Each structure stands twice: as structure tokens, then as C-alpha cells.
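Undergrad: Before I ask anything, here is the structure I am working with.
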2 protein chains.
Amino acid sequence: MTAGRIEPVDHGGDLDTARRRYPGAQLPWIDLSTGINPRPYPFTMPPMEAWTQLPQRSAELALRQAAADRYGAPGVEMVVSAPGSQALIQVLPRLIDPADVTVLAPTYAEHAIAWARCGHRVSERSAIDDVGAARVVVVVNPNNPTGAIVSTDALCELASALETRRGLLVVDEAFADFAPEASLVSRLPERCIVLRSLGKAYGLGGVRAGFAIAQPTLAEELRAEIGPWAVSGPALAIGRAALADVDWLSAAKARLTEDCQRLDAMLKAIGITLIGGTHLFRLVRHDDAAIIADRLGRNGIIVRRFAAQPTWLRFGLPGSEDAWKRLSSALKD
Amino acid sequence: MTAGRIEPVDHGGDLDTARRRYPGAQLPWIDLSTGINPRPYPFTMPPMEAWTQLPQRSAELALRQAAADRYGAPGVEMVVSAPGSQALIQVLPRLIDPADVTVLAPTYAEHAIAWARCGHRVSERSAIDDVGAARVVVVVNPNNPTGAIVSTDALCELASALETRRGLLVVDEAFADFAPEASLVSRLPERCIVLRSLGKAYGLGGVRAGFAIAQPTLAEELRAEIGPWAVSGPALAIGRAALADVDWLSAAKARLTEDCQRLDAMLKAIGITLIGGTHLFRLVRHDDAAIIADRLGRNGIIVRRFAAQPTWLRFGLPGSEDAWKRLSSALKD
């Protein structure tokens with residue numbers, strides 16, 4: 001697998017392409033193509049200093065402490081902050097000499113791309129007990145788009161095996177905010193890096209704030225890769241406030257649980273089969289997936305398709321009653 | 001030179017350290033330790049979508065186009081956007097196998113750190129015609145902190161020599177906004193990367209937006225290193241507006257020219273010798289530099305000192321009449 005072969009990558013959130021493809025679509029666009037919470041964390045706009053000053057070390061430390069507290073990491077030295085977890089995905093392949101890398105698939109495409117680009121030999125496997133002799137294993141947990149969860153026991157066992165090879169286990173927990181039992185952070189193995197993101201559960205995809213959590217030595221290596229002043233002043237302030245607000249997170253989970261039930265029922269009613277999901281998206285299968293996506297597109301609603309799985313669609317959750325009504329109407333169209 | 005030996009690095013803008021060192025200082029702090037314009041670009045707060053949506057490709061392209069127009073690059077494909085030019089400094093050493101790297105010094109410390117960390121052999125030279133057989137040369141132009149400018153003719157000649165070695169010329173133009181004649185962008189050699197920043201002239205150090213400008217192939221390599229969604233939604237919007245506002249830039253230059261004259265006169269009056277500078281900072285020498293810095297610190301004013309040059313001080317420009325008065329008073333203290 002080479003980066004050249006698998007690019008260009010289709011991602012959610014690409015309104016530009018939708019606008020070109022459906023120039024006459026109903027406006028405003030309803031973007032259900034991502035797993036971004038449609039009700040973002042209601043942050044307070046940071047003071048002007050956040051924009052003008054260089055990001056202060058104390059503010060970065062405060063963000064990392066808030067992340068350690070929120071995710072259950074024992075210490076702030078185990079947290080690396082970055083301008084989005086994608087920035088960390090870009091540098092992870094630098095931590096290890098070219099090696100055999102297994103990505104548990106199908107999943108978020110950027111992991112395989114980043115490792116392949118840095119000269120690693122990337123292959124994909126569908127089961128955690130079938131990763132072979134790879135030195136590096138990448139698991140998105142819960143997985144995007146299937147929602148599948150690998151148990152922390154299984155991950156710890158795998159991490160032990162990789163440790164004997166001086167390998168690395170990468171666990172991308174971008175969708176773990178509402179499934180804390182799936183998180184490996186509180187029992188983090190030695191050669192393991194967990195990624196977290198502010199973009200999904202907090203609905204702040206544009207802010208660019210993400211984290212790696214790892215044992216201190218590994219975390220320090222990653223911090224050196226990322227370099228100083230990586231996270232913007234506004235992101236430091238907003239991220240800190242969002243991560244500390246456990247009441248908001250808990251209310252968001254309750255709301256999204258209801259929303260998922262509503263969406264599942266709506267899709268089931270017209271014969272679409274639910275095959276997976278998280279609190280932030282639902283994965284469905286239908287023989288006419290392409291036709292459904294096209295119909296939604298013409299109605300100004302974009303959902304995520306998958307080139308390799310033409311019968312799959314991933315639905316994010318509508319964020320307003322108007323969006324729910326438009327979706328319901330477009331599905332019956 | 002190894003990263004271990006030269007760290008920790010002392011940087012401007014470190015208010016945290018000043019607060020610890022001078023707990024009884026007059027407030028608010030006046031930070032003259034950076035080269036950040038004290039009168040930031042008066043941007044409009046971006047709409048909520050900039051925070052919630054993933055940064056859109058069209059918005060990134062618009063920012064890169066604004067940068068191409070502003071800096072005089074022939075095409076948008078020659079521009080790479082990043083969350084601050086520091087993010088680019090982190091990845092430049094990945095473009096080339098371990099090599100001999102010469103940094104024109106004294107200068108901004110992070111260049112040498114980044115190259116050394118990636119296994120390059122870094123040495124420092126003080127003259128552009130003394131870079132030896134290095135495959136990579138890094139020039140900050142105008143230089144920080146000296147303000148020295150290497151002519152574009154000399155840089156082009158050097159780039160030609162480096163090209164025959166498949167080397168690389170890195171020109172950091174973070175302080176070139178008010179010295180456009182110093183910029184190499186409009187006559188960019190083949191194996192050359194120019195860095196620009198929104199943090200300094202636009203006074204937006206916390207926004208994190210910077211650029212690399214290079215011939216298309218090299219730019220594409222850098223874009224792959226940086227990865228997708230690197231620049232935050234708000235930074236895309238603010239950067240685009242700032243770069244397009246040539247009237248603001250021209251007014252800022254006029255104002256800063258006056259401010260520099262005022263600061264130079266104030267320092268000269270008490271026997272401090274000006275030895276260099278740009279529109280955004282002034283470099284001075286005084287045998288009692290340490291005493292002067294300490295006196296200013298006790299008065300809540302921080303300036304930049306240099307461990308290797310104990311008689312040097314770098315002054316940023318005061319941003320308000322109150323700050324000017326406090327500086328004047330503290331200097332006479």
C-alpha cells in the first residue's frame with residue numbers, strides 16, 4: 001500500500017464537493033457526513049490576549065492538565081497537546097524506524113496514509129487477533145465508521161506482545177468520549193499512544209485541539225516532534241473550559257442517546273439496516289445506498305459514503321428540529 | 001551541536017517566567033520581549049461555523065491565495081499553510097537525509113534545534129560567504145535579533161550552489177513584512193523555502209498561521225508533511241482578511257517607523273547604543289544590560305536578553321501611550 005495508490009481520500013465534512021455536485025440543493029446544507037456533535041460546546045469567546053500573545057506555557061500546561069483530568073491520565077507529563085489529533089497522526093510514524101504496520105480496518109483512512117508516507121509497510125486486517133508479526137498496530141476504538149469496540153483487555157494483551165518487539169500500539173479514541181469504558185487511558189501500557197480529540201464530542205472541528213496520551217518518555221518524544229506554540233491561544237482557552245465541564249458532557253450524552261434512537265427508528269422505518277455506530281454517527285447498509293445518498297444530496301443533506309463499501313452510509317446526527325424534518329422528508333422523497 | 005546541549009531555550013513572550021521572577025512588579029505587564037506588533041490587526045471575529053466545522057478546503061485555498069497575492073508568489077500551488085511558521089520549522093528537516101546544515105547566527109534558536117533533533121549536523125556561521133560545503137543553509141532575513149539583511153542577489157547565488165548539491169536554502173522571512181525589498185519570494189530559486197508568519201507584523205502570535213513558499217514540487221512535499229486540516233477555521237478566516245488588507249499594512253508601517261524613532265531616541269538619551277533592528281524590535285548594547293533588564297522587570301516591563309550576548313537587549317515597541325510613559329520612567333529609574 002502506498003500513499004499514492006490510496007489518495008485522494010474521501011472524507012466527511014467536505015461541503016465544498018457537495019456544493020459543486022448539487023448546485024441546486026436546498027439551503028442551508030445539513031452536513032451529516034461527519035461524526036462531529038451538531039450541538040457544539042457553548043464556549044465563551046477567549047479574551048483578545050489569546051489571539052495576540054504567543055500561547056503561554058502556563059496556558060498549555062493548564063490545557064494538558066484539564067485533558068489529564070478529563071481522560072483519566074495519571075499525570076500531565078503523559079499528555080501531549082497538538083493542533084488537532086491529525087497533527088499527531090502525521091508525526092507518529094516518526095517515532096519508529098520503518099516497520100510492518102497493521103491497521104485494523106476498515107477505519108479512518110489517514111492512519112494508513114501517514115504510516116505509508118513515512119516508509120512503513122502498511123497492511124490492513126479486520127480482526128485484532130490477526131495482526132501477525134507487525135511491530136505497530138493502529139486501532140481506532142470505538143472504530144469509525146463501524147463503532148466496533150475492542151476490549152481494553154485485548155488491547156493490553158496486544159500491547160504486551162508489541163512491547164517485546166519494541167513496537168507501538170496506537171489507539172485512536174476520537175470517538176470514546178461517550179464510551180469511557182472503552183478507553184485505555186487509565187491502564188495505559190508502556191508502548192502505547194492514545195489519541196483524543198476535541199473536534200468530535202465537543203463539536204469543535206474547526207478549533208484544532210487534540211491530544212496524545214502516553215507514558216512520559218514517549219510523550220516527551222512526541223512533544224519534541226510537535227514543537228512549541230503548537231496549539232493556538234483560543235484553542236488553549238476553549239479546550240480547557242470544555243474539558244473541565246463534565247456536566248455539559250453528561251447532558252450531551254443523554255441528548256445524543258435520544259437522538260440516536262430517533263435516527264435509528266427513522267432509518268429502520270424505510271428499510272435501512274443499522275450495522276453499527278457510536279453516539280455521534282450511525283452506520284447503515286442498504287442495497288440502494290448510492291441512490292439514497294444522491295437523493296439526500298439533492299435535498300441539501302450530505303452523508304458519508306465509502307468507496308470500498310458501496311452499500312454503506314454513515315449518518316451524523318441532525319442538530320435542529322428543522323434538520324430532523326428535512327431529513328425525514330428527504331428520506332421519504 | 002545537539003538539541004540536548006542548547007535546551008532549554010530562552011524565548012521572548014514568556015510572561016510566565018517574568019511573573020515568577022518579579023512577583024511584586026507593576027501591573028499590567030508590558031511585554032517588550034517579542035517582535036510582535038503591539039497593535040494587532042483589527043480582525044472581525046469569525047462566524048461560529050469556523051469553530052464548529054472542519055476547516056474547509058475552499059477556505060484553506062482562499063488563505064493560500066491571499067498569501068500568494070500578499071507575498072508575491074506566482075501561484076497558490078507554491079504556498080503551504082500551517083499552524084504557525086514554527087510548525088514548518090519542525091518538519092523542514094524531514095525533507096532531506098541527514099546532512100551538514102549551516103545556520104547563519106546569532107539568530108532565532110528553533111531552526112538549529114529542529115535540524116539537530118532530526119540527526120543533521122548543525123553548525124553556526126556569522127557570514128553568508130562562510131557557509132562552507134553545507135547542503136542546507138538557514139538564513140533568517142531580516143535577521144532576528146540583529147536586523148541584518150542578506151541581499152536577494154547573495155541568496156540566489158547561494159541557492160544555486162546548494163542546488164548543485166541537491167541541498168536546500170531556508171529563508172525565514174518572519175520579519176520581512178515591512179522590508180519587502182528583502183524578500184526572495186518574487187525570484188524564488190528552485191531548492192529554496194521561504195517562511196512567512198502572521199504572528200509578527202499582524203500582531204497575531206496566538207492565532208497560529210504561517211506559510212512556506214517554495215516551487216510546486218517542494219511545496220507539495222511540505223503539504224504532505226503538514227497534513228490536512230492543519231490551520232484552524234478561525235485562523236483561516238482571520239489570516240485571509242489580514243493578508244488582503246494592504247492599507248492596514250501600510251498604515252502599520254508608517255506608525256511603526258515613528259515608534260522606532262521614538263524608542264531609539266529614548267534609549268540613546270540614556271546612553272544605550274542601537275546596534276540593529278527591524279520595524280518590530282530594536283537591538284541595543286549596553287555594558288549594564290543585565291541591570292537595565294532587571295530594573296525594567298521590577299517595573300513590570302520585560303525585554304529580551306541573550307544568554308550568549310550578555311550586553312545585548314532586544315526591545316519590542318510599546319503599544320500604548322501609558323506603556324511609553326512607563327518605559328520612559330523605568331529607564332530613568
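Just remember, in the C-alpha cells the first chain shown is A, the second B, etc., residues are 1-based per chain, and ligands are 1-based in the order shown.
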Could you give me, as a VMD selection string, each residue of stretch 119-321 of chain A that DSSP assigns to strand (DSSP E or B) when run on this structure's backbone?
TA: chain A and resid 121 to 125 136 to 140 168 to 172 192 to 197 210 to 213 273 to 278 281 to 285 301 to 305 312 to 316
Undergrad: Residues of chain A within 8 Å of chain B, using only C-alpha atoms, as an MDAnalysis selection string?
TA: chainID A and resid 13:16 36 40 49:58 83:84 86:87 90 199 203:208 225:234
Undergrad: Contacts of stretch 290-303 of chain B at 10 Å or less, counting only C-alpha atoms, minus same-chain residues fewer than 5 places along, as number ranges by chain?
TA: B: 12-15, 18-19, 21-34, 272, 310-316, 318, 323, 326-327, 329-333
Undergrad: Please return, as a PyMOL selection string, all residues of stretch 60-248 of chain B that DSSP assigns to alpha helix (DSSP H) on the basis of the backbone.
TA: chain B and resi 60-71+85-91+110-117+152-164+216-226+233-244+246-248
Undergrad: Show which residues sit within 12 Å of A:Leu218, as an MDAnalysis selection string. Count only C-alpha atoms, and ignore same-chain residues fewer than 4 positions away.
TA: chainID A and resid 77:80 92 94:96 167:170 188:194 212:214 222:225
Undergrad: Output C-alpha atoms for every residue in that selection, as a compact mmCIF listing (two decimals), in the first residue's frame.
TA:
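Result saved to selection.txt:
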```txt
# COMPACT_ATOMS: atom_id res chain seq x y z
CA GLU A 77 3.53 14.80 31.76
CA MET A 78 1.70 11.99 29.95
CA VAL A 79 -0.34 14.42 27.85
CA VAL A 80 0.78 15.97 24.56
CA LEU A 92 3.51 9.16 14.99
CA ARG A 94 8.45 9.32 13.01
CA LEU A 95 8.75 7.59 16.38
CA ILE A 96 9.87 4.29 14.94
CA GLY A 167 6.82 -1.80 18.80
CA LEU A 168 3.94 0.57 19.33
CA LEU A 169 0.21 0.31 19.84
CA VAL A 170 -1.72 3.35 18.61
CA LEU A 188 -2.06 2.68 29.68
CA PRO A 189 0.59 0.12 28.61
CA GLU A 190 4.22 1.13 28.20
CA ARG A 191 4.47 1.29 24.40
CA CYS A 192 1.03 2.68 23.69
CA ILE A 193 -0.21 6.03 22.43
CA VAL A 194 -3.84 7.01 22.85
CA ALA A 212 -1.81 12.11 22.69
CA ILE A 213 -1.58 10.28 25.99
CA ALA A 214 1.41 8.05 26.59
CA LEU A 222 6.01 13.33 20.75
CA ARG A 223 6.14 16.80 22.29
CA ALA A 224 9.53 17.34 20.65
CA GLU A 225 8.05 16.31 17.29
```
Undergrad: Rounded to one decimal in Å, what is the spacing between atom CA of B:Gly277 and atom CA of B:Leu317?
TA: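 According to the coordinates, atom CA of B:Gly277 and atom CA of B:Leu317 are separated by 11.2 Å.
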Undergrad: Determine, counting only C-alpha atoms, which protein, DNA and RNA residues have an atom within 8 Å of an atom of A:Pro98; residues of the same chain fewer than 3 positions away are not included. Present the result as a list in words.
TA: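 Answer for this query is Cys118, Gly119, His120 and Arg121 of chain A.
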Undergrad: So what do you get for atom CA of B:Ser81 versus atom CA of B:Glu60, distance-wise?
TA: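 Atom CA of B:Ser81 sits 7.7 Å away from atom CA of B:Glu60.
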Undergrad: Could you name the residues that touch stretch 126-139 of chain A at 7 Å or less, counting only C-alpha atoms, but leaving out those on the same chain fewer than 2 positions away, as a ChimeraX atom specification?
TA: /A:99-105,124,141,162,165,167-172
Undergrad: Any chance you can output those residues with C-alpha atoms as a PDB file, in the first residue's frame?
TA:
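File produced: again_25.pdb:
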```pdb
ATOM      1  CA  ALA A  99       8.429  -1.316  10.208  1.00  0.00           C
ATOM      2  CA  ASP A 100       5.474  -3.575   9.489  1.00  0.00           C
ATOM      3  CA  VAL A 101       2.351  -1.696  10.484  1.00  0.00           C
ATOM      4  CA  THR A 102      -1.108  -3.210  10.761  1.00  0.00           C
ATOM      5  CA  VAL A 103      -4.194  -1.026  10.745  1.00  0.00           C
ATOM      6  CA  LEU A 104      -7.421  -2.581  11.980  1.00  0.00           C
ATOM      7  CA  ALA A 105      -9.758  -1.866   9.064  1.00  0.00           C
ATOM      8  CA  GLU A 124      -4.921  -3.869   6.897  1.00  0.00           C
ATOM      9  CA  ASN A 141     -11.585   2.464  19.284  1.00  0.00           C
ATOM     10  CA  LEU A 162       4.256  -5.333  20.757  1.00  0.00           C
ATOM     11  CA  ARG A 165       9.267  -6.150  19.720  1.00  0.00           C
ATOM     12  CA  GLY A 167       6.820  -1.800  18.804  1.00  0.00           C
ATOM     13  CA  LEU A 168       3.943   0.566  19.331  1.00  0.00           C
ATOM     14  CA  LEU A 169       0.211   0.311  19.839  1.00  0.00           C
ATOM     15  CA  VAL A 170      -1.724   3.346  18.613  1.00  0.00           C
ATOM     16  CA  VAL A 171      -5.292   3.623  19.869  1.00  0.00           C
ATOM     17  CA  ASP A 172      -7.305   6.442  18.340  1.00  0.00           C
TER      18      ASP A 172
END
```
Undergrad: How many Å separate atom CA of A:Val185 from atom CA of A:Ala68?
TA: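 Interatomic distance, atom CA of A:Val185 to atom CA of A:Ala68: 9.2 Å.
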